[in-house]
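Engineer: Got a structure for you, written out below as C-alpha coordinates; questions coming shortly.
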Amino acid sequence: MEHTQRITEPRGTTGHVATRRFCQVLSVIAFIGLGAAAECLAFTVSPTALTFATKQDAGNPPNQILSINMGSANETTLSNSDDASWLMVSPAKTSVTSTAQLTVAVNTTGLAAGTYTATITMKVKRGAPTKIPVTLTVSPSSQPPPTATTATLTWNAVSDPSLSGYKVYIGTASGTYTKIIPVGNTTFYTIDSLTTGTTYFFAVTAYNSAGESSPSNEVSKSIY
(Lines give C-alpha, C1' and ligand atoms only; values in the text may rest on other atoms or scores of the structure.)
Protein backbone atom coordinates (compact mmCIF):
# COMPACT_ATOMS: atom_id res chain seq x y z
CA MET A 1 0.00 0.00 0.00
CA GLU A 2 1.31 3.43 -0.87
CA HIS A 3 1.68 5.75 2.04
CA THR A 4 1.23 9.49 1.58
CA GLN A 5 2.86 11.88 4.02
CA ARG A 6 1.28 15.26 4.61
CA ILE A 7 3.57 18.01 5.69
CA THR A 8 1.82 20.60 7.78
CA GLU A 9 3.05 24.08 8.46
CA PRO A 10 4.03 24.60 12.07
CA ARG A 11 1.82 26.76 14.14
CA GLY A 12 2.84 30.41 14.32
CA THR A 13 4.31 30.52 10.77
CA THR A 14 1.49 32.71 9.54
CA GLY A 15 2.08 35.14 12.41
CA HIS A 16 5.80 35.21 11.60
CA VAL A 17 5.11 36.14 7.99
CA ALA A 18 2.75 38.89 9.09
CA THR A 19 5.37 40.21 11.47
CA ARG A 20 7.97 40.27 8.71
CA ARG A 21 5.61 42.19 6.42
CA PHE A 22 4.86 44.64 9.24
CA CYS A 23 8.55 45.28 9.66
CA GLN A 24 8.85 45.98 5.95
CA VAL A 25 6.03 48.53 6.22
CA LEU A 26 7.79 50.17 9.15
CA SER A 27 10.96 50.38 7.11
CA VAL A 28 9.16 52.15 4.28
CA ILE A 29 7.53 54.60 6.67
CA ALA A 30 10.86 55.34 8.31
CA PHE A 31 12.42 55.98 4.93
CA ILE A 32 9.66 58.39 3.99
CA GLY A 33 10.03 60.21 7.28
CA LEU A 34 13.76 60.70 6.74
CA GLY A 35 13.06 62.14 3.27
CA ALA A 36 10.74 64.79 4.72
CA ALA A 37 13.24 65.68 7.42
CA ALA A 38 15.90 66.26 4.79
CA GLU A 39 13.81 69.10 3.36
CA CYS A 40 13.80 70.97 6.68
CA LEU A 41 17.08 72.65 5.96
CA ALA A 42 18.58 74.70 8.76
CA PHE A 43 19.91 78.23 8.22
CA THR A 44 21.26 81.08 10.31
CA VAL A 45 20.83 84.83 9.84
CA SER A 46 23.24 87.59 10.79
CA PRO A 47 22.56 90.01 12.38
CA THR A 48 19.61 88.71 14.38
CA ALA A 49 18.04 92.18 14.72
CA LEU A 50 18.20 95.47 12.78
CA THR A 51 18.09 99.04 14.04
CA PHE A 52 17.65 102.14 11.88
CA ALA A 53 17.78 105.78 13.02
CA THR A 54 17.33 109.10 11.25
CA LYS A 55 15.90 112.60 11.64
CA GLN A 56 12.78 113.90 9.94
CA ASP A 57 14.75 116.24 7.69
CA ALA A 58 17.71 113.90 7.07
CA GLY A 59 16.14 111.50 4.56
CA ASN A 60 16.21 107.72 4.68
CA PRO A 61 18.98 105.98 6.66
CA PRO A 62 21.46 103.70 4.78
CA ASN A 63 20.32 100.23 3.73
CA GLN A 64 21.45 97.24 5.78
CA ILE A 65 22.36 93.66 4.80
CA LEU A 66 21.10 90.35 6.21
CA SER A 67 23.55 87.47 5.61
CA ILE A 68 22.07 83.97 5.24
CA ASN A 69 24.16 80.82 5.86
CA MET A 70 22.74 77.38 5.07
CA GLY A 71 23.50 74.34 7.21
CA SER A 72 24.33 72.34 4.09
CA ALA A 73 25.19 72.91 0.44
CA ASN A 74 21.84 71.72 -0.88
CA GLU A 75 20.12 74.21 -3.15
CA THR A 76 16.82 75.45 -1.77
CA THR A 77 14.46 78.44 -2.01
CA LEU A 78 14.41 81.16 0.63
CA SER A 79 11.37 83.44 0.89
CA ASN A 80 10.85 86.44 3.13
CA SER A 81 8.21 89.03 3.97
CA ASP A 82 7.76 92.06 6.23
CA ASP A 83 4.78 93.49 8.08
CA ALA A 84 5.26 97.27 7.74
CA SER A 85 4.68 99.64 4.82
CA TRP A 86 7.90 101.57 5.60
CA LEU A 87 10.06 98.42 5.49
CA MET A 88 11.33 96.77 2.28
CA VAL A 89 13.32 93.52 1.91
CA SER A 90 14.75 92.35 -1.39
CA PRO A 91 14.78 89.95 -3.02
CA ALA A 92 11.53 88.58 -1.64
CA LYS A 93 12.46 85.10 -2.89
CA THR A 94 15.82 83.71 -3.91
CA SER A 95 17.57 80.39 -4.59
CA VAL A 96 20.25 79.56 -2.02
CA THR A 97 22.99 76.94 -2.13
CA SER A 98 25.18 77.92 0.80
CA THR A 99 25.00 81.70 1.42
CA ALA A 100 22.84 84.63 0.37
CA GLN A 101 22.37 88.30 1.17
CA LEU A 102 19.17 90.31 1.54
CA THR A 103 18.97 94.10 1.35
CA VAL A 104 16.79 95.81 3.95
CA ALA A 105 15.68 99.41 3.39
CA VAL A 106 13.30 101.80 5.15
CA ASN A 107 11.31 104.73 3.78
CA THR A 108 10.62 107.49 6.31
CA THR A 109 8.53 109.67 4.00
CA GLY A 110 5.49 110.93 5.87
CA LEU A 111 6.49 109.36 9.20
CA ALA A 112 6.15 111.46 12.32
CA ALA A 113 8.90 111.53 14.92
CA GLY A 114 8.78 108.38 17.04
CA THR A 115 9.86 104.74 17.29
CA TYR A 116 8.50 102.13 14.87
CA THR A 117 8.85 98.33 15.06
CA ALA A 118 8.36 95.59 12.48
CA THR A 119 9.32 91.96 11.80
CA ILE A 120 10.99 90.29 8.83
CA THR A 121 9.92 86.65 8.46
CA MET A 122 12.16 84.23 6.51
CA LYS A 123 11.46 80.61 5.64
CA VAL A 124 13.11 77.74 3.77
CA LYS A 125 10.75 75.06 2.45
CA ARG A 126 9.00 73.38 5.39
CA GLY A 127 11.37 74.68 8.02
CA ALA A 128 10.21 76.77 10.94
CA PRO A 129 10.20 80.50 10.08
CA THR A 130 13.00 82.73 11.36
CA LYS A 131 11.92 86.18 12.55
CA ILE A 132 14.18 89.26 12.57
CA PRO A 133 12.93 92.26 14.62
CA VAL A 134 13.44 95.70 13.10
CA THR A 135 13.38 99.01 14.97
CA LEU A 136 13.23 102.43 13.30
CA THR A 137 13.70 105.63 15.30
CA VAL A 138 12.74 108.93 13.67
CA SER A 139 13.97 111.92 15.66
CA PRO A 140 12.49 115.42 15.38
CA SER A 141 13.91 117.67 12.70
CA SER A 142 17.29 119.22 13.48
CA GLN A 143 15.94 122.52 12.16
CA PRO A 144 13.70 124.41 14.60
CA PRO A 145 10.22 125.05 13.24
CA PRO A 146 9.63 128.58 12.03
CA THR A 147 8.16 130.77 14.74
CA ALA A 148 7.98 134.11 12.92
CA THR A 149 4.49 135.49 12.46
CA THR A 150 5.57 137.88 9.72
CA ALA A 151 5.86 137.81 5.94
CA THR A 152 8.08 140.09 3.88
CA LEU A 153 7.14 140.83 0.27
CA THR A 154 9.35 142.30 -2.44
CA TRP A 155 8.50 143.24 -6.02
CA ASN A 156 9.92 144.95 -9.09
CA ALA A 157 9.49 148.70 -9.38
CA VAL A 158 7.14 150.26 -11.96
CA SER A 159 9.01 152.70 -14.19
CA ASP A 160 6.01 154.97 -14.88
CA PRO A 161 6.93 158.46 -13.54
CA SER A 162 3.27 159.06 -12.60
CA LEU A 163 3.36 156.23 -10.08
CA SER A 164 1.85 157.19 -6.73
CA GLY A 165 2.60 153.97 -4.85
CA TYR A 166 1.66 150.35 -4.28
CA LYS A 167 -1.01 148.42 -2.43
CA VAL A 168 -0.57 145.02 -0.79
CA TYR A 169 -3.54 142.65 -0.86
CA ILE A 170 -3.82 139.98 1.86
CA GLY A 171 -6.19 137.03 2.23
CA THR A 172 -6.47 133.50 3.60
CA ALA A 173 -7.86 132.00 0.38
CA SER A 174 -6.32 132.12 -3.06
CA GLY A 175 -7.69 135.01 -5.11
CA THR A 176 -9.80 136.34 -2.23
CA TYR A 177 -8.29 139.29 -0.34
CA THR A 178 -9.82 140.65 2.83
CA LYS A 179 -7.23 143.31 3.65
CA ILE A 180 -5.62 146.05 1.52
CA ILE A 181 -2.63 148.05 2.75
CA PRO A 182 -1.30 151.13 0.86
CA VAL A 183 2.47 150.94 1.40
CA GLY A 184 3.68 154.01 -0.51
CA ASN A 185 6.36 154.15 -3.17
CA THR A 186 8.51 151.22 -1.97
CA THR A 187 9.35 147.82 -3.39
CA PHE A 188 9.13 145.79 -0.15
CA TYR A 189 6.83 145.49 2.83
CA THR A 190 6.64 143.32 5.98
CA ILE A 191 3.25 142.19 7.27
CA ASP A 192 3.28 141.28 10.96
CA SER A 193 0.90 139.79 13.55
CA LEU A 194 -0.09 136.94 11.27
CA THR A 195 -1.93 133.99 12.84
CA THR A 196 -0.01 130.75 13.49
CA GLY A 197 -1.37 127.75 11.61
CA THR A 198 -2.74 129.85 8.75
CA THR A 199 -1.69 130.13 5.10
CA TYR A 200 -1.81 133.65 3.69
CA PHE A 201 -2.02 134.78 0.07
CA PHE A 202 -0.57 138.06 -1.21
CA ALA A 203 -0.66 140.23 -4.34
CA VAL A 204 0.53 143.75 -5.13
CA THR A 205 -0.89 146.50 -7.36
CA ALA A 206 0.50 149.83 -8.50
CA TYR A 207 -1.66 152.94 -8.58
CA ASN A 208 -1.62 156.63 -9.56
CA SER A 209 -4.17 159.41 -9.97
CA ALA A 210 -5.63 157.67 -13.02
CA GLY A 211 -6.35 154.38 -11.30
CA GLU A 212 -4.93 151.04 -10.23
CA SER A 213 -3.15 148.27 -12.11
CA SER A 214 -4.13 144.62 -12.21
CA PRO A 215 -2.80 142.49 -9.32
CA SER A 216 0.63 140.97 -9.60
CA ASN A 217 1.17 137.20 -9.52
CA GLU A 218 0.01 135.71 -6.22
CA VAL A 219 2.39 134.35 -3.58
CA SER A 220 1.61 132.53 -0.34
CA LYS A 221 3.17 131.73 3.01
CA SER A 222 2.14 129.35 5.77
CA ILE A 223 2.67 130.53 9.31
CA TYR A 224 3.68 127.77 11.79
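By convention here, the chains of the C-alpha coordinates are called A, B, ... in the order presented, each chain's residues are numbered starting at 1, and ligands are numbered starting at 1 in the order presented.
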Give me, as a VMD selection string, all polymer residues having an atom no more than 12 Å from Ile191 in chain A, counting only C-alpha atoms and skipping those fewer than 6 positions away in the same chain.
Structural biologist: chain A and resid 148 to 154 168 to 171 179 to 183 200 to 202 221 223
Engineer: Could you go through range 67-148 of chain A and tell me which residues DSSP, when run on the backbone, assigns to strand (DSSP E or B), listing them as a ChimeraX atom specification?
Structural biologist: /A:67-70,76-82,87-90,93-96,99-106,114-124,130-139
Engineer: Between CA of Leu50 in chain A and CA of Asn63 in chain A, what is the spacing in Å?
Structural biologist: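 These two atoms are separated by 10.4 Å.
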Engineer: Compile the contact shell of Leu66 in chain A as a list in words: residues with an atom at most 6 Å away, counting only C-alpha atoms, same-chain residues fewer than 6 positions apart removed.
Structural biologist: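 Final neighbour list, sorted by chain and number: Ser46, Gln101 and Leu102 of chain A.
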Engineer: When you count only C-alpha atoms, which of these residues is closest to Thr137 in chain A: A:Asn60, A:Thr76, A:Thr51, A:Thr187?
Structural biologist: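 Using only C-alpha atoms, Thr137 in chain A sits closest to A:Thr51.
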Engineer: Report, in Å to a single decimal, how far apart CA of Asn69 in chain A and CA of Val134 in chain A are.
Structural biologist: 19.7 Å
Engineer: Excluding Thr77 in chain A and its own-chain neighbours fewer than 3 positions away, which residues fall within 8 Å of it when counting only C-alpha atoms? Please give them as JSON, numbers by chain.
Structural biologist: {"A": [93, 94, 95, 96, 124, 125]}
Engineer: Would you mind writing down, as a list in words, each residue of range 9-224 of chain A that DSSP on the backbone assigns to alpha helix (DSSP H)?
Structural biologist: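 Taking range 9-224 of chain A and keeping alpha helix (DSSP H) only, one gets Thr13, Thr14, Gly15, His16, Val17, Ala18, Thr19, Arg20, Arg21, Phe22, Cys23, Gln24, Val25, Leu26, Ser27, Val28, Ile29, Ala30, Phe31, Ile32, Gly33, Leu34, Gly35, Ala36, Ala37, Ala38 and Glu39 of chain A.
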Engineer: I'd like the contact shell of Thr135 in chain A - 8 Å cut-off, only C-alpha atoms, skipping same-chain residues fewer than 5 positions apart - returned as a ChimeraX atom specification.
Structural biologist: /A:50-52,115-118
Engineer: So, counting only C-alpha atoms, which residue among A:Asp83, A:Glu218, A:Asp192, A:Asp160 is closest to Gly175 in chain A?
Structural biologist: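 Using only C-alpha atoms, the shortest distance to Gly175 in chain A belongs to A:Glu218.
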Engineer: Determine the nearest neighbour of Ser67 in chain A from the options A:Val204, A:Ala92, A:Val45, A:Val138, counting only C-alpha atoms.
Structural biologist: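 Closest to Ser67 in chain A of all the choices is A:Val45.
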Engineer: Go ahead and compute the interatomic distance for CA of Val158 in chain A and CA of Thr172 in chain A, in Å to one decimal.
Structural biologist: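 Atom-to-atom, CA of Val158 in chain A and CA of Thr172 in chain A are spaced 26.6 Å apart.
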